[in-house]
>>> print(open('my_file-v2.csv').read())   # CSV, C-alpha atoms
chain,number,residue,atom,x,y,z
A,30,MET,CA,114.1,-18.9,191.7
A,31,THR,CA,114.3,-15.5,193.4
A,32,GLN,CA,117.1,-14.5,195.7
A,33,GLU,CA,116.2,-14.2,199.4
A,34,GLY,CA,117.9,-11.2,200.8
A,35,GLY,CA,115.5,-9.5,203.1
A,36,ASP,CA,113.9,-6.1,203.1
A,37,LEU,CA,117.0,-4.1,202.2
A,38,ASP,CA,117.7,-6.2,199.2
A,39,SER,CA,114.1,-5.8,198.0
A,40,LEU,CA,114.2,-2.1,198.6
A,41,VAL,CA,117.4,-1.7,196.6
A,42,ARG,CA,115.8,-3.6,193.7
A,43,LYS,CA,112.7,-1.4,193.9
A,44,ARG,CA,114.9,1.8,193.9
A,45,ILE,CA,116.8,0.7,190.8
A,46,ARG,CA,113.5,0.1,189.0
A,47,ALA,CA,111.9,3.3,190.2
A,48,LEU,CA,115.0,5.5,189.3
A,49,ARG,CA,115.2,3.9,185.9
A,50,ALA,CA,111.5,4.7,185.3
A,51,ALA,CA,111.9,8.2,186.7
A,52,HIS,CA,114.6,8.8,184.0
A,53,GLY,CA,112.2,7.4,181.4
A,54,TRP,CA,114.6,4.6,180.5
A,55,SER,CA,114.0,1.1,179.3
A,56,LEU,CA,116.1,-1.8,180.5
A,57,ASP,CA,118.1,-1.4,177.2
A,58,ASP,CA,118.8,2.3,178.0
A,59,LEU,CA,120.1,1.7,181.5
A,60,ALA,CA,122.1,-1.4,180.3
A,61,ALA,CA,123.9,0.8,177.7
A,62,ARG,CA,124.7,3.3,180.4
A,63,CYS,CA,126.1,0.8,182.9
A,64,HIS,CA,127.6,-1.7,180.5
A,65,LEU,CA,125.5,-4.6,181.7
A,66,SER,CA,123.1,-6.7,179.6
A,67,PRO,CA,119.4,-5.9,179.7
A,68,SER,CA,118.7,-9.5,180.8
A,69,THR,CA,121.1,-9.1,183.8
A,70,LEU,CA,119.4,-5.8,184.8
A,71,SER,CA,116.0,-7.4,184.5
A,72,ARG,CA,117.1,-10.3,186.7
A,73,ILE,CA,118.5,-7.9,189.2
A,74,GLU,CA,115.3,-5.8,189.3
A,75,THR,CA,113.1,-8.9,189.7
A,76,GLY,CA,115.3,-10.6,192.3
A,77,HIS,CA,116.3,-13.5,190.0
A,78,ARG,CA,120.0,-12.6,190.3
A,79,ARG,CA,122.2,-11.7,193.2
A,80,ILE,CA,123.5,-8.1,193.1
A,81,ALA,CA,127.2,-7.8,193.1
A,82,LEU,CA,128.9,-4.7,194.6
A,83,ASP,CA,130.6,-3.8,191.4
A,84,GLN,CA,127.3,-3.9,189.6
A,85,LEU,CA,125.6,-1.7,192.2
A,86,THR,CA,128.4,0.8,191.8
A,87,VAL,CA,128.0,1.2,188.0
A,88,ILE,CA,124.2,1.1,188.3
A,89,ALA,CA,124.2,3.9,190.9
A,90,ARG,CA,126.5,6.0,188.8
A,91,ALA,CA,124.4,5.5,185.7
A,92,LEU,CA,121.3,6.5,187.6
A,93,SER,CA,123.0,9.7,188.9
A,94,THR,CA,122.9,8.6,192.5
A,95,SER,CA,125.4,7.4,195.1
A,96,LEU,CA,125.9,3.9,196.3
A,97,ASP,CA,125.1,5.1,199.8
A,98,GLN,CA,121.7,6.5,198.7
A,99,LEU,CA,120.9,3.3,196.7
A,100,VAL,CA,121.5,1.0,199.7
A,101,GLU,CA,120.5,3.2,202.6
A,102,ALA,CA,118.0,1.5,204.8
A,103,ALA,CA,114.5,2.9,205.0
A,104,PRO,CA,114.1,4.8,208.2
A,105,ASP,CA,111.5,3.5,210.6
A,106,ASP,CA,110.4,6.9,211.8
A,107,VAL,CA,109.5,9.0,208.8
A,108,VAL,CA,107.3,11.5,210.7
A,109,SER,CA,109.1,14.5,212.0
A,110,HIS,CA,107.9,16.4,215.1
A,111,PRO,CA,108.5,20.2,215.1
A,112,SER,CA,109.4,22.4,218.0
A,113,TYR,CA,107.3,25.5,218.6
A,114,ASP,CA,108.2,29.0,219.8
A,115,GLN,CA,104.9,30.8,220.1
A,116,ALA,CA,106.5,34.0,221.4
A,117,ARG,CA,108.4,34.4,218.2
A,118,GLY,CA,105.8,32.8,215.9
A,119,LEU,CA,108.2,30.0,214.8
A,120,THR,CA,107.7,26.3,214.1
A,121,LEU,CA,111.0,24.5,213.4
A,122,TRP,CA,111.8,21.1,211.8
A,123,SER,CA,115.3,19.7,211.5
A,124,LEU,CA,116.0,17.6,208.5
A,125,ARG,CA,117.5,14.3,209.5
A,126,HIS,CA,119.6,13.6,206.4
A,127,GLU,CA,120.8,17.2,206.0
A,128,PRO,CA,122.6,18.0,209.3
A,129,GLY,CA,122.4,21.7,210.1
A,130,VAL,CA,119.5,22.3,207.8
A,131,THR,CA,116.3,23.6,209.4
A,132,VAL,CA,112.8,24.2,207.9
A,133,ALA,CA,111.0,27.0,209.6
A,134,ARG,CA,107.5,28.3,209.4
A,135,MET,CA,107.4,32.0,210.5
A,136,ARG,CA,104.7,34.5,211.1
A,137,LEU,CA,105.8,38.0,210.2
A,138,THR,CA,103.9,40.9,211.6
A,139,ALA,CA,106.3,43.8,211.3
A,140,PRO,CA,107.4,45.5,208.1
A,141,PRO,CA,111.0,45.0,207.1
A,142,PRO,CA,113.6,46.9,209.1
A,143,GLU,CA,114.8,50.2,207.9
A,144,GLY,CA,118.4,51.2,207.4
A,145,PRO,CA,121.4,49.3,206.1
A,146,SER,CA,122.5,48.3,209.6
A,147,ALA,CA,119.4,46.1,209.9
A,148,LEU,CA,120.3,44.0,206.9
A,149,LYS,CA,122.2,40.7,207.6
A,150,ALA,CA,124.8,39.0,205.4
A,151,HIS,CA,126.3,35.5,205.9
A,152,PRO,CA,127.7,32.6,203.8
A,153,GLY,CA,125.2,30.4,202.0
A,154,ARG,CA,121.8,30.5,200.3
A,155,GLU,CA,118.3,31.0,201.5
A,156,TRP,CA,115.0,29.8,200.1
A,157,PHE,CA,111.5,30.7,201.3
A,158,THR,CA,107.9,30.6,200.1
A,159,VAL,CA,105.0,32.7,201.2
A,160,LEU,CA,102.1,30.7,202.5
A,161,SER,CA,99.8,33.7,203.2
A,162,GLY,CA,100.0,37.5,202.9
A,163,THR,CA,102.8,39.4,201.2
A,164,VAL,CA,106.5,39.6,202.2
A,165,GLU,CA,108.9,42.3,201.3
A,166,LEU,CA,112.4,41.1,200.7
A,167,LEU,CA,115.2,43.7,201.1
A,168,LEU,CA,118.1,42.4,199.1
A,169,GLY,CA,121.0,44.8,198.9
A,170,GLU,CA,119.6,47.9,197.3
A,171,ARG,CA,116.5,46.1,196.0
A,172,ARG,CA,113.0,45.8,197.5
A,173,LEU,CA,111.1,42.8,196.2
A,174,ARG,CA,107.5,41.9,196.9
A,175,VAL,CA,106.9,38.1,197.3
A,176,GLU,CA,103.3,37.3,197.1
A,177,GLU,CA,101.4,34.2,198.4
A,178,GLY,CA,102.4,31.1,196.5
A,179,GLN,CA,105.7,32.7,195.3
A,180,ALA,CA,109.2,31.7,196.4
A,181,ALA,CA,112.5,33.5,196.6
A,182,GLU,CA,116.0,32.1,196.6
A,183,PHE,CA,119.2,34.2,196.9
A,184,LEU,CA,122.8,34.2,197.9
A,185,THR,CA,123.0,35.4,201.5
A,186,MET,CA,126.3,37.2,201.2
A,187,LEU,CA,124.1,40.0,199.9
A,188,PRO,CA,122.7,42.0,202.9
A,189,HIS,CA,119.1,41.0,203.3
A,190,ALA,CA,116.0,41.2,205.5
A,191,VAL,CA,112.3,40.4,205.3
A,192,GLY,CA,109.0,41.8,206.7
A,193,ALA,CA,105.3,41.7,206.2
A,194,VAL,CA,103.4,44.1,203.9
A,195,GLY,CA,100.0,45.3,204.8
A,196,GLY,CA,99.3,42.8,207.6
A,197,PRO,CA,100.6,39.5,208.9
A,198,ALA,CA,102.3,37.0,206.5
A,199,ASP,CA,103.3,33.4,206.9
A,200,MET,CA,106.3,32.0,205.2
A,201,LEU,CA,108.2,28.7,205.1
A,202,GLY,CA,111.9,28.9,204.8
A,203,ILE,CA,114.9,26.5,204.5
A,204,PHE,CA,117.9,27.6,206.5
A,205,ASP,CA,121.4,26.2,206.6
A,206,ARG,CA,123.4,26.4,209.8
A,207,GLU,CA,124.7,29.9,209.2
A,208,ALA,CA,121.3,31.2,208.2
A,209,ARG,CA,119.7,29.7,211.3
A,210,ARG,CA,122.3,31.3,213.5
A,211,SER,CA,121.8,34.6,211.8
A,212,HIS,CA,118.0,34.7,211.6
A,213,LEU,CA,116.4,32.2,213.9
A,214,ASP,CA,118.7,31.9,216.9
A,215,ALA,CA,119.6,35.7,216.8
A,216,THR,CA,116.0,36.6,217.4
A,217,ALA,CA,115.6,34.4,220.5
A,218,PRO,CA,114.7,36.4,223.6
A,219,LYS,CA,117.7,37.2,225.8
A,220,ARG,CA,117.5,35.7,229.3
>>> encode(input="my_file-v2.csv", output="structure tokens")
Amino acid sequence: MTQEGGDLDSLVRKRIRALRAAHGWSLDDLAARCHLSPSTLSRIETGHRRIALDQLTVIARALSTSLDQLVEAAPDDVVSHPSYDQARGLTLWSLRHEPGVTVARMRLTAPPPEGPSALKAHPGREWFTVLSGTVELLLGERRLRVEEGQAAEFLTMLPHAVGAVGGPADMLGIFDREARRSHLDATAPKR
């Protein structure tokens, strides 16, 4: 007889099975890592055994995830709607489960700024990929060309700036709160 526990219970069981499979582990492999028997894990995954909190904790740890992530309810609204700023060529998405993190699609038309005073530095890391065109990344004393399909990731305490090379370029970047304030909010038109 299977345990009736609702959608969340079923979701947790599917997550355990999927994470185990993603690691490439058999029931025996996971059982050895979390000190449960393979038959207990099998019954948990198939819904033939109630899941105890202490079991969930060791299973989550063995699967390299947190208990919170393992039991988090599936969101009803998985589609995110961006905000547009056509004057600056920006499309912005906020990540729901990463407060302060923004994904931005930018259209660059100008070359990178000249002179050390135009470079910005702030705590954190930045990542971007070039969707079309070529972007020049000024990173400290270095000038790097990032072509379509390539990505760049760097520590932002190094003074940096980006610009288009030989025509417009589109890029997709991931910005934490500090990077957003420095790059996206700082370029907003003054009123």
>>> residues_near_point(input="my_file-v2.csv", point="(114.0, 29.6, 205.0)", cutoff="6 Å", atoms="only C-alpha atoms", output="list of chain:residue names")
A:Glu155, A:Trp156, A:Phe157, A:Leu201, A:Gly202, A:Ile203, A:Phe204
>>> residues_around(input="my_file-v2.csv", residues="stretch 74-84 of chain A", least_positions_apart="6", cutoff="12 Å", atoms="all atoms listed in the file", output="ChimeraX atom specification")
/A:30-50,56,59-60,62-68,90-91,96-97,99-100
>>> residues_around(input="my_file-v2.csv", residues="A:Pro145", least_positions_apart="5", cutoff="10 Å", atoms="all atoms listed in the file", output="PyMOL selection string")
chain A and resi 167+169-170+188-190
>>> atom_distance(input="my_file-v2.csv", atom1="atom CA of A:Pro197", atom2="atom CA of A:Leu137")
5.6 Å
>>> closest_residue(input="my_file-v2.csv", among="A:Arg72, A:Lys149, A:Arg134, A:Arg174", to="A:Gly195", atoms="all atoms listed in the file")
A:Arg174
>>> residues_near_point(input="my_file-v2.csv", point="(106.0, 40.4, 203.0)", cutoff="8 Å", atoms="all atoms listed in the file", output="list in words")
Leu137, Pro140, Pro141, Val159, Gly162, Thr163, Val164, Glu165, Leu166, Arg174, Val175, Glu176, Val191, Gly192, Ala193, Val194, Gly195 and Ala198 of chain A
>>> atom_distance(input="my_file-v2.csv", atom1="atom CA of A:Thr185", atom2="atom CA of A:Leu168")
8.9 Å
>>> closest_residue(input="my_file-v2.csv", among="A:Gly153, A:Thr94, A:Ser161, A:Leu148", to="A:Arg136", atoms="all atoms listed in the file")
A:Ser161
>>> closest_residue(input="my_file-v2.csv", among="A:Ala181, A:Val132, A:Leu187, A:Leu173", to="A:Pro152", atoms="all atoms listed in the file")
A:Leu187
>>> atom_distance(input="my_file-v2.csv", atom1="atom CA of A:Arg172", atom2="atom CA of A:Arg206")
25.2 Å
>>> build_atoms(input="my_file-v2.csv", residues="stretch 194-205 of chain A", atoms="all heavy atoms", output="CSV table (one decimal), in the coordinates of the input")
chain,number,residue,atom,x,y,z
A,194,VAL,N,104.0,42.9,204.6
A,194,VAL,CA,103.4,44.1,203.9
A,194,VAL,C,101.9,44.1,204.1
A,194,VAL,O,101.3,43.1,203.8
A,194,VAL,CB,103.8,44.0,202.4
A,194,VAL,CG1,103.1,45.2,201.7
A,194,VAL,CG2,105.2,44.0,202.1
A,195,GLY,N,101.4,45.1,204.7
A,195,GLY,CA,100.0,45.3,204.8
A,195,GLY,C,99.3,44.3,205.7
A,195,GLY,O,98.1,43.9,205.5
A,196,GLY,N,99.9,43.8,206.7
A,196,GLY,CA,99.3,42.8,207.6
A,196,GLY,C,100.2,41.6,207.8
A,196,GLY,O,101.3,41.4,207.1
A,197,PRO,N,99.8,40.6,208.6
A,197,PRO,CA,100.6,39.5,208.9
A,197,PRO,C,100.9,38.6,207.6
A,197,PRO,O,100.0,38.6,206.7
A,197,PRO,CB,99.8,38.6,209.9
A,197,PRO,CG,98.8,39.6,210.4
A,197,PRO,CD,98.6,40.6,209.4
A,198,ALA,N,102.0,37.9,207.6
A,198,ALA,CA,102.3,37.0,206.5
A,198,ALA,C,103.0,35.8,207.1
A,198,ALA,O,103.7,35.9,208.1
A,198,ALA,CB,103.3,37.7,205.5
A,199,ASP,N,102.7,34.7,206.5
A,199,ASP,CA,103.3,33.4,206.9
A,199,ASP,C,104.2,32.9,205.8
A,199,ASP,O,103.8,33.0,204.6
A,199,ASP,CB,102.2,32.3,207.2
A,199,ASP,CG,101.4,32.6,208.4
A,199,ASP,OD1,102.0,32.8,209.5
A,199,ASP,OD2,100.1,32.7,208.3
A,200,MET,N,105.4,32.5,206.2
A,200,MET,CA,106.3,32.0,205.2
A,200,MET,C,107.0,30.7,205.7
A,200,MET,O,107.0,30.4,206.9
A,200,MET,CB,107.3,33.0,204.8
A,200,MET,CG,108.2,33.5,206.0
A,200,MET,SD,109.3,34.8,205.5
A,200,MET,CE,110.8,33.9,205.1
A,201,LEU,N,107.4,29.9,204.8
A,201,LEU,CA,108.2,28.7,205.1
A,201,LEU,C,109.5,28.8,204.5
A,201,LEU,O,109.7,29.1,203.3
A,201,LEU,CB,107.4,27.5,204.5
A,201,LEU,CG,107.9,26.1,204.8
A,201,LEU,CD1,107.6,25.8,206.3
A,201,LEU,CD2,107.2,25.0,204.0
A,202,GLY,N,110.6,28.7,205.3
A,202,GLY,CA,111.9,28.9,204.8
A,202,GLY,C,112.8,27.7,205.1
A,202,GLY,O,112.6,26.9,206.1
A,203,ILE,N,113.8,27.5,204.3
A,203,ILE,CA,114.9,26.5,204.5
A,203,ILE,C,116.2,27.2,204.8
A,203,ILE,O,116.6,28.1,204.0
A,203,ILE,CB,115.0,25.6,203.3
A,203,ILE,CG1,113.7,24.9,203.0
A,203,ILE,CG2,116.1,24.6,203.5
A,203,ILE,CD1,113.7,24.1,201.7
A,204,PHE,N,116.7,26.9,206.0
A,204,PHE,CA,117.9,27.6,206.5
A,204,PHE,C,119.0,26.6,206.7
A,204,PHE,O,118.8,25.6,207.4
A,204,PHE,CB,117.6,28.4,207.8
A,204,PHE,CG,116.5,29.4,207.6
A,204,PHE,CD1,115.2,29.1,207.8
A,204,PHE,CD2,116.8,30.7,207.2
A,204,PHE,CE1,114.2,30.0,207.6
A,204,PHE,CE2,115.8,31.6,207.0
A,204,PHE,CZ,114.5,31.3,207.2
A,205,ASP,N,120.2,27.0,206.2
A,205,ASP,CA,121.4,26.2,206.6
A,205,ASP,C,121.9,26.7,208.0
A,205,ASP,O,121.3,27.5,208.6
A,205,ASP,CB,122.5,26.3,205.6
A,205,ASP,CG,123.1,27.7,205.4
A,205,ASP,OD1,122.8,28.6,206.2
A,205,ASP,OD2,123.8,27.9,204.4
